[in-house]
Structures are given as C-alpha cells and as structure tokens.
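What follows is target_0.cif (mmCIF, C-alpha atoms and all ligand atoms).
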data_input
loop_
_atom_site.label_atom_id
_atom_site.label_comp_id
_atom_site.auth_asym_id
_atom_site.auth_seq_id
_atom_site.Cartn_x
_atom_site.Cartn_y
_atom_site.Cartn_z
CA MET K 1 207.71 -138.34 -48.89
CA ASN K 2 205.06 -140.73 -47.61
CA THR K 3 207.44 -142.38 -45.21
CA SER K 4 208.51 -139.10 -43.65
CA GLU K 5 204.89 -138.02 -43.36
CA ASN K 6 204.05 -141.26 -41.59
CA ILE K 7 206.94 -140.80 -39.20
CA SER K 8 205.89 -137.24 -38.44
CA SER K 9 202.27 -138.18 -37.76
CA SER K 10 203.26 -141.04 -35.45
CA GLU K 11 205.50 -138.62 -33.56
CA THR K 12 202.73 -136.08 -33.13
CA GLU K 13 202.12 -135.53 -29.46
CA THR K 14 198.73 -136.51 -28.15
CA ALA K 15 197.61 -135.03 -24.87
CA PRO K 16 197.02 -137.47 -21.97
CA VAL K 17 193.63 -137.82 -20.27
CA VAL K 18 193.62 -136.55 -16.68
CA PRO K 19 190.91 -136.30 -13.99
CA CYS K 20 189.06 -133.01 -13.39
CA TRP K 21 189.98 -131.54 -9.97
CA SER K 22 186.32 -130.81 -9.25
CA CYS K 23 184.16 -133.74 -10.49
CA HIS K 24 187.05 -136.20 -11.17
CA GLY K 25 185.62 -136.81 -14.64
CA PRO K 26 188.08 -137.49 -17.49
CA LEU K 27 189.45 -134.57 -19.48
CA THR K 28 192.11 -134.15 -22.14
CA ALA K 29 195.09 -132.33 -20.67
CA GLY K 30 195.23 -128.77 -21.97
CA LEU K 31 191.48 -128.13 -21.91
CA ALA K 32 190.62 -124.94 -20.02
CA PHE K 33 187.26 -126.26 -18.84
CA CYS K 34 186.00 -129.69 -17.76
CA PRO K 35 183.59 -131.03 -20.40
CA THR K 36 181.47 -132.64 -17.64
CA CYS K 37 181.14 -130.05 -14.84
CA LYS K 38 182.51 -126.97 -16.72
CA ALA K 39 184.97 -126.19 -13.90
CA VAL K 40 188.00 -124.16 -14.98
CA GLN K 41 191.21 -126.21 -14.87
CA GLN K 42 194.77 -125.41 -13.89
CA PRO K 43 196.79 -124.94 -17.12
CA ALA K 44 198.46 -128.25 -18.02
CA SER K 45 201.99 -128.27 -19.42
CA VAL K 46 201.05 -128.93 -23.05
CA ASP K 47 202.31 -127.20 -26.17
CA HIS K 48 200.68 -124.05 -27.52
CA PHE K 49 198.87 -125.92 -30.30
CA ILE K 50 197.27 -128.48 -28.01
CA ARG K 51 196.30 -125.71 -25.58
CA LEU K 52 194.19 -124.11 -28.31
CA GLY K 53 192.88 -127.44 -29.60
CA LEU K 54 194.82 -127.10 -32.86
CA GLU K 55 196.88 -129.61 -34.82
CA VAL K 56 200.64 -129.25 -34.33
CA ASN K 57 201.23 -127.80 -37.77
CA PHE K 58 202.80 -124.75 -39.40
CA ASP K 59 199.73 -124.22 -41.58
CA VAL K 60 197.12 -122.58 -39.38
CA ASP K 61 193.62 -121.39 -40.26
CA LEU K 62 193.94 -117.91 -38.77
CA SER K 63 190.19 -117.25 -38.62
CA ALA K 64 189.66 -120.54 -36.76
CA LEU K 65 192.52 -119.54 -34.43
CA ASP K 66 190.88 -116.17 -33.70
CA LYS K 67 187.54 -117.86 -33.09
CA VAL K 68 188.97 -120.33 -30.53
CA TYR K 69 191.00 -117.60 -28.83
CA PHE K 70 188.21 -115.04 -28.44
CA GLU K 71 185.74 -117.69 -27.23
CA LEU K 72 188.19 -118.80 -24.57
CA GLN K 73 189.02 -115.25 -23.50
CA ARG K 74 185.30 -114.50 -23.16
CA ALA K 75 184.76 -117.64 -21.09
CA LEU K 76 187.74 -116.74 -18.88
CA HIS K 77 186.78 -113.08 -18.38
CA PRO K 78 187.36 -112.02 -14.72
CA ASP K 79 183.70 -110.88 -14.41
CA ARG K 80 182.62 -114.49 -14.79
CA PHE K 81 184.75 -115.49 -11.82
CA ALA K 82 183.88 -112.60 -9.49
CA THR K 83 181.78 -114.81 -7.22
CA ARG K 84 183.83 -118.00 -7.59
CA THR K 85 186.35 -119.55 -5.21
CA THR K 86 189.92 -118.27 -4.91
CA LYS K 87 191.11 -121.45 -6.61
CA GLU K 88 188.88 -120.88 -9.63
CA LYS K 89 189.91 -117.22 -9.85
CA MET K 90 193.55 -118.28 -9.80
CA TYR K 91 193.07 -121.01 -12.42
CA SER K 92 191.11 -118.70 -14.72
CA GLN K 93 193.82 -116.02 -14.60
CA ALA K 94 196.55 -118.59 -15.23
CA GLN K 95 194.54 -120.02 -18.14
CA ALA K 96 194.04 -116.56 -19.67
CA THR K 97 197.81 -115.92 -19.52
CA ALA K 98 198.69 -119.34 -20.98
CA ILE K 99 196.12 -118.90 -23.76
CA ASN K 100 197.47 -115.42 -24.58
CA ASP K 101 201.01 -116.82 -24.88
CA ALA K 102 199.79 -119.62 -27.14
CA TYR K 103 197.81 -117.22 -29.31
CA GLU K 104 200.64 -114.67 -29.72
CA THR K 105 203.06 -117.44 -30.70
CA ILE K 106 200.80 -119.24 -33.15
CA LYS K 107 199.38 -116.11 -34.79
CA ASN K 108 202.80 -114.77 -35.88
CA PRO K 109 204.40 -116.89 -38.66
CA LEU K 110 207.94 -116.18 -37.46
CA LYS K 111 207.21 -117.04 -33.82
CA ARG K 112 205.19 -120.07 -34.97
CA ALA K 113 208.07 -121.36 -37.14
CA ASP K 114 210.58 -120.83 -34.34
CA TYR K 115 208.33 -122.61 -31.86
CA LEU K 116 207.65 -125.56 -34.19
CA ILE K 117 211.39 -126.00 -34.79
CA HIS K 118 211.81 -125.95 -31.03
CA ILE K 119 209.23 -128.72 -30.44
CA LYS K 120 209.84 -130.81 -33.60
CA GLY K 121 213.57 -130.38 -33.88
CA VAL K 122 214.78 -131.60 -30.49
CA ASN K 123 216.57 -134.54 -32.11
CA VAL K 124 218.13 -132.76 -35.10
CA MET K 125 218.65 -129.34 -33.50
CA PRO K 126 218.93 -129.71 -29.72
CA ASP K 127 219.86 -126.01 -29.39
CA GLY K 128 216.96 -124.86 -31.53
CA CYS K 129 217.20 -122.90 -34.74
CA ASN K 130 220.19 -120.63 -34.37
CA LEU K 131 221.81 -119.71 -37.69
CA VAL K 132 222.59 -116.06 -36.98
CA ASN K 133 225.78 -116.20 -39.02
CA ASP K 134 224.41 -117.65 -42.25
CA PRO K 135 226.93 -116.13 -44.75
CA THR K 136 224.45 -115.88 -47.65
CA ILE K 137 221.99 -113.92 -45.54
CA LEU K 138 224.74 -111.70 -44.07
CA MET K 139 225.98 -110.81 -47.56
CA GLU K 140 222.47 -110.15 -48.82
CA ALA K 141 221.59 -108.08 -45.76
CA MET K 142 224.65 -105.92 -46.32
CA GLU K 143 223.70 -105.25 -49.93
CA VAL K 144 220.08 -104.42 -49.12
CA ARG K 145 221.12 -102.11 -46.29
CA GLU K 146 223.43 -100.22 -48.63
CA LYS K 147 220.58 -99.91 -51.09
CA LEU K 148 218.28 -98.71 -48.32
CA ALA K 149 220.80 -96.15 -47.06
CA SER K 150 221.16 -94.70 -50.55
CA ALA K 151 217.41 -94.66 -51.25
CA GLU K 152 216.48 -91.00 -51.26
CA THR K 153 212.80 -91.00 -52.15
CA ILE K 154 209.76 -92.64 -50.59
CA SER K 155 209.14 -94.62 -53.76
CA MET K 156 212.69 -96.03 -53.68
CA VAL K 157 212.18 -97.05 -50.04
CA ASP K 158 208.76 -98.51 -50.84
CA ALA K 159 210.22 -100.57 -53.68
CA ILE K 160 212.62 -102.21 -51.19
CA ALA K 161 209.69 -102.82 -48.82
CA ASN K 162 207.61 -104.39 -51.59
CA ASP K 163 210.46 -106.72 -52.56
CA ALA K 164 210.85 -107.74 -48.91
CA ARG K 165 207.11 -108.38 -48.51
CA ALA K 166 207.03 -110.51 -51.68
CA GLU K 167 209.99 -112.50 -50.41
CA ILE K 168 208.38 -112.95 -47.00
CA LYS K 169 205.38 -114.50 -48.74
CA ASP K 170 207.63 -116.93 -50.65
CA VAL K 171 209.65 -117.76 -47.54
CA ILE K 172 206.49 -118.54 -45.52
CA ALA K 173 205.32 -120.86 -48.33
CA GLY K 174 208.76 -122.51 -48.25
CA ILE K 175 208.65 -122.97 -44.47
CA SER K 176 205.27 -124.67 -44.83
CA LEU K 177 206.69 -127.08 -47.43
CA ALA K 178 209.76 -127.79 -45.31
CA PHE K 179 207.61 -128.74 -42.30
CA LYS K 180 205.36 -130.89 -44.53
CA GLY K 181 208.47 -132.81 -45.64
CA ASP K 182 209.75 -133.00 -42.05
CA ASP K 183 212.81 -131.02 -43.13
CA ILE K 184 213.50 -129.21 -39.86
CA GLU K 185 216.93 -127.95 -40.93
CA GLY K 186 215.43 -126.52 -44.12
CA ALA K 187 212.69 -124.89 -42.06
CA CYS K 188 215.37 -123.43 -39.79
CA GLN K 189 217.30 -121.94 -42.72
CA LEU K 190 214.14 -120.32 -44.07
CA THR K 191 213.11 -119.12 -40.62
CA THR K 192 216.49 -117.40 -40.30
CA ARG K 193 215.74 -115.68 -43.61
CA LEU K 194 212.29 -114.70 -42.33
CA LYS K 195 213.89 -113.16 -39.24
CA TYR K 196 216.21 -111.09 -41.39
CA LEU K 197 213.38 -109.96 -43.69
CA THR K 198 211.18 -109.00 -40.73
CA LYS K 199 214.04 -106.95 -39.28
CA LEU K 200 214.64 -105.37 -42.67
CA LEU K 201 211.00 -104.26 -42.86
CA GLY K 202 211.47 -102.48 -39.53
CA GLU K 203 214.55 -100.70 -40.88
CA VAL K 204 212.61 -99.76 -44.03
CA ARG K 205 209.88 -98.16 -41.91
CA GLN K 206 212.49 -96.16 -40.07
CA ARG K 207 214.18 -95.06 -43.30
CA ARG K 208 210.81 -93.99 -44.68
CA THR K 209 210.55 -91.32 -41.96
CA GLN K 210 213.92 -89.90 -43.04
CA VAL K 211 213.20 -89.40 -46.76
CA SER K 212 210.62 -87.23 -48.47
ZN ZN K 301 184.69 -131.66 -13.92
#

Structure translated into structure tokens:
Amino acid sequence: MNTSENISSSETETAPVVPCWSCHGPLTAGLAFCPTCKAVQQPASVDHFIRLGLEVNFDVDLSALDKVYFELQRALHPDRFATRTTKEKMYSQAQATAINDAYETIKNPLKRADYLIHIKGVNVMPDGCNLVNDPTILMEAMEVREKLASAETISMVDAIANDARAEIKDVIAGISLAFKGDDIEGACQLTTRLKYLTKLLGEVRQRRTQVS
C-alpha cells in the first residue's frame, strides 16, 4: 500500500515555471493571472486539476472547487477586459473557456473518474477506460431494465431509483479507494458501473413519466 502510494505521488505531475508574457516574472504554468503584474495569461496546456490549482486526486472538496471556479470567473468577466488590449481580451476569453471545461469535468464524479483514468492510466490502459461489454454489467442491466419495464406504479419506479442512487454512492466510494491504491483497472471497472447506473437513472426518470 505504502509503496504504491509513494509511486503515485512521485508520478504526480508538477507544473513547470514559465515567464509572464507581460512582466517576464516567473509563474507556474496553468495560472490564469501573473502573481507579479496580474496580467491575464494564455491558457497553458496543463491538466484540469492543475488549471484550478487542485491536487490531481479523485477526492475533491466540492465547496473549495466552487470557490476557486467562481472567483476565477468573476476575475475573467468580459466587463473587466472592456478597456484592455485585444491580446488580453483574447486570453481572458480562452481562460474562461478552459476553466469552464476543467470545472465541468472535475465537478461530475463520472467525468472526473473518466478523466483521471485517462491521465493516470496511460501505461496500463493506453486506450482509456473502455469496458462497454462487461458481461456482469450487461446481465445486470438487462434484469433491471425488465424490472423497470414491468414497474407499474410511481413507488415501484422510485424503489428502483433509490437502489440505483444507493449503489452510485457505494461505487463512488469504491472508485475513490481504487485511485488511492493506484488500481487504475479497478477504477475503470467501477467507472463502467457508474456509467451504467447514471444511464439507468435517466431511464428511470423517463419511465416515471409513463406510470401513475
Ligand atoms: Zn507578469
């Protein structure tokens, strides 16, 4: 356990230090603004976590994430750049887009898991997490869909939804443990299950409109 944790921390990407385009002062790649002259920077090609100043980790403090995101969006608001140069307007728009992408990915546990597998699993899973034909999940999905199709009351449909939500909670906890143990394949299996459960919840919502 300790060994794998040590390996994972030594592999954690650290952003390089680059010069600010405006004052040439040093700044960590991924920062939206220069810490010295406050000039907006062109978005660097860093991962979504680094872009938001977060640790590359599945466990995310969602209120801290919101805080960082809304502060950055306020600082990058077009009104603040109305009288700035074309270059600064362009950089601020590009930053706002990059920060939105990062936020949408990290906020959603399924997208976050998929993304982490993508950046941590390049050696074990060069094609990313792609287990669409997991036989256990296919079998289970078939059974639940039959159950859903034959559910004729709202309470029967809601019972299926509640089971799915409880399982989603367990699966997310499992994904967190898998990443902590650097078990990317395990995380991928659970992420596949999370995909199926998320899809199922959508089908449940649809079925709910058909029963009374
Ligand atoms: Zn600067």

Exercise for the section: Return the single residue from K:Ile106, K:Ala187, K:Leu201, K:Cys20 that is closest to K:Asn130, with distances computed using only C-alpha atoms. Expected result: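 Ranked by minimum distance to K:Asn130, first place goes to K:Ala187.
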
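Taking all atoms listed in the file into account, every polymer residue with at least one atom at most 8 Å away from ligand ZN 301 (chain K) is listed here: Pro19, Cys20, Trp21, Ser22, Cys23, His24, Gly25, Pro26, Leu27, Phe33, Cys34, Pro35, Thr36, Cys37, Lys38 and Ala39 of chain K.
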
How would the residues just chosen look if you wrote them out with C-alpha atoms as a compact mmCIF listing (two decimals), in the coordinates of the input?
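So the final result, stored in part.txt, reads:
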# COMPACT_ATOMS: atom_id res chain seq x y z
CA PRO K 19 190.91 -136.30 -13.99
CA CYS K 20 189.06 -133.01 -13.39
CA TRP K 21 189.98 -131.54 -9.97
CA SER K 22 186.32 -130.81 -9.25
CA CYS K 23 184.16 -133.74 -10.49
CA HIS K 24 187.05 -136.20 -11.17
CA GLY K 25 185.62 -136.81 -14.64
CA PRO K 26 188.08 -137.49 -17.49
CA LEU K 27 189.45 -134.57 -19.48
CA PHE K 33 187.26 -126.26 -18.84
CA CYS K 34 186.00 -129.69 -17.76
CA PRO K 35 183.59 -131.03 -20.40
CA THR K 36 181.47 -132.64 -17.64
CA CYS K 37 181.14 -130.05 -14.84
CA LYS K 38 182.51 -126.97 -16.72
CA ALA K 39 184.97 -126.19 -13.90

K:Val40 surroundings by only C-alpha atoms, 12 Å radius, close-in-sequence under 6 positions cut, as a compact mmCIF listing (two decimals) with C-alpha atoms, in the coordinates of the input:
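So the final result, stored in around12.txt, reads:
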# COMPACT_ATOMS: atom_id res chain seq x y z
CA CYS K 20 189.06 -133.01 -13.39
CA TRP K 21 189.98 -131.54 -9.97
CA SER K 22 186.32 -130.81 -9.25
CA CYS K 23 184.16 -133.74 -10.49
CA LEU K 27 189.45 -134.57 -19.48
CA GLY K 30 195.23 -128.77 -21.97
CA LEU K 31 191.48 -128.13 -21.91
CA ALA K 32 190.62 -124.94 -20.02
CA PHE K 33 187.26 -126.26 -18.84
CA CYS K 34 186.00 -129.69 -17.76
CA LEU K 72 188.19 -118.80 -24.57
CA ALA K 75 184.76 -117.64 -21.09
CA LEU K 76 187.74 -116.74 -18.88
CA HIS K 77 186.78 -113.08 -18.38
CA ARG K 80 182.62 -114.49 -14.79
CA PHE K 81 184.75 -115.49 -11.82
CA ARG K 84 183.83 -118.00 -7.59
CA THR K 85 186.35 -119.55 -5.21
CA THR K 86 189.92 -118.27 -4.91
CA LYS K 87 191.11 -121.45 -6.61
CA GLU K 88 188.88 -120.88 -9.63
CA LYS K 89 189.91 -117.22 -9.85
CA MET K 90 193.55 -118.28 -9.80
CA TYR K 91 193.07 -121.01 -12.42
CA SER K 92 191.11 -118.70 -14.72
CA GLN K 93 193.82 -116.02 -14.60
CA ALA K 94 196.55 -118.59 -15.23
CA GLN K 95 194.54 -120.02 -18.14
CA ALA K 96 194.04 -116.56 -19.67

Problem - Pick from K:Ser212, K:Cys188, K:Arg74, K:Gly202, whichever lies nearest to K:Gly174 using only C-alpha atoms - result: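 With only C-alpha atoms as the atom set, the closest residue is K:Cys188.
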
Report as a PDB file with C-alpha atoms, in the frame of the given file all protein, DNA and RNA residues lying within 10 Å of K:Ile168, evaluated on only C-alpha atoms, omitting residues in the same chain fewer than 3 positions from it.
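The result, written out as part.pdb:
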ATOM      1  CA  ASN K 162     207.610-104.390 -51.590  1.00  0.00           C
ATOM      2  CA  ASP K 163     210.460-106.720 -52.560  1.00  0.00           C
ATOM      3  CA  ALA K 164     210.850-107.740 -48.910  1.00  0.00           C
ATOM      4  CA  ARG K 165     207.110-108.380 -48.510  1.00  0.00           C
ATOM      5  CA  VAL K 171     209.650-117.760 -47.540  1.00  0.00           C
ATOM      6  CA  ILE K 172     206.490-118.540 -45.520  1.00  0.00           C
ATOM      7  CA  ALA K 173     205.320-120.860 -48.330  1.00  0.00           C
ATOM      8  CA  GLY K 174     208.760-122.510 -48.250  1.00  0.00           C
ATOM      9  CA  LEU K 190     214.140-120.320 -44.070  1.00  0.00           C
ATOM     10  CA  ARG K 193     215.740-115.680 -43.610  1.00  0.00           C
ATOM     11  CA  LEU K 194     212.290-114.700 -42.330  1.00  0.00           C
ATOM     12  CA  LYS K 195     213.890-113.160 -39.240  1.00  0.00           C
ATOM     13  CA  TYR K 196     216.210-111.090 -41.390  1.00  0.00           C
ATOM     14  CA  LEU K 197     213.380-109.960 -43.690  1.00  0.00           C
ATOM     15  CA  THR K 198     211.180-109.000 -40.730  1.00  0.00           C
ATOM     16  CA  LEU K 201     211.000-104.260 -42.860  1.00  0.00           C
TER      17      LEU K 201
END

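Proximity to K:Leu65 was assessed for K:Ile160, K:Leu52, K:Leu138, K:Ile117 counting all atoms listed in the file; the smallest distance is recorded for K:Leu52.
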
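Taking atom CA of K:Pro135 and atom CA of K:Ile175 as the two end points, the separation is 19.5 Å.
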
Handout entry: 12 Å contact set for K:Ala149, all atoms listed in the file, chain neighbours under 2 positions out, as a VMD selection string
Key = chain K and resid 142 to 147 151 to 153 156 to 157 160 200 203 to 204 206 to 208 210 to 211

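Distances here use all atoms listed in the file; by that measure, the residue among K:Thr105, K:Ala166, K:Ile99, K:Asn57 closest to K:Asp182 is K:Asn57.
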
Practice task
Can you work out which one of K:Glu55, K:Pro78, K:His48, K:Leu116 has the shortest atom-to-atom distance to K:Asp101, counting all atoms listed in the file?
Solution key: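 Using all atoms listed in the file, the shortest distance to K:Asp101 belongs to K:His48.
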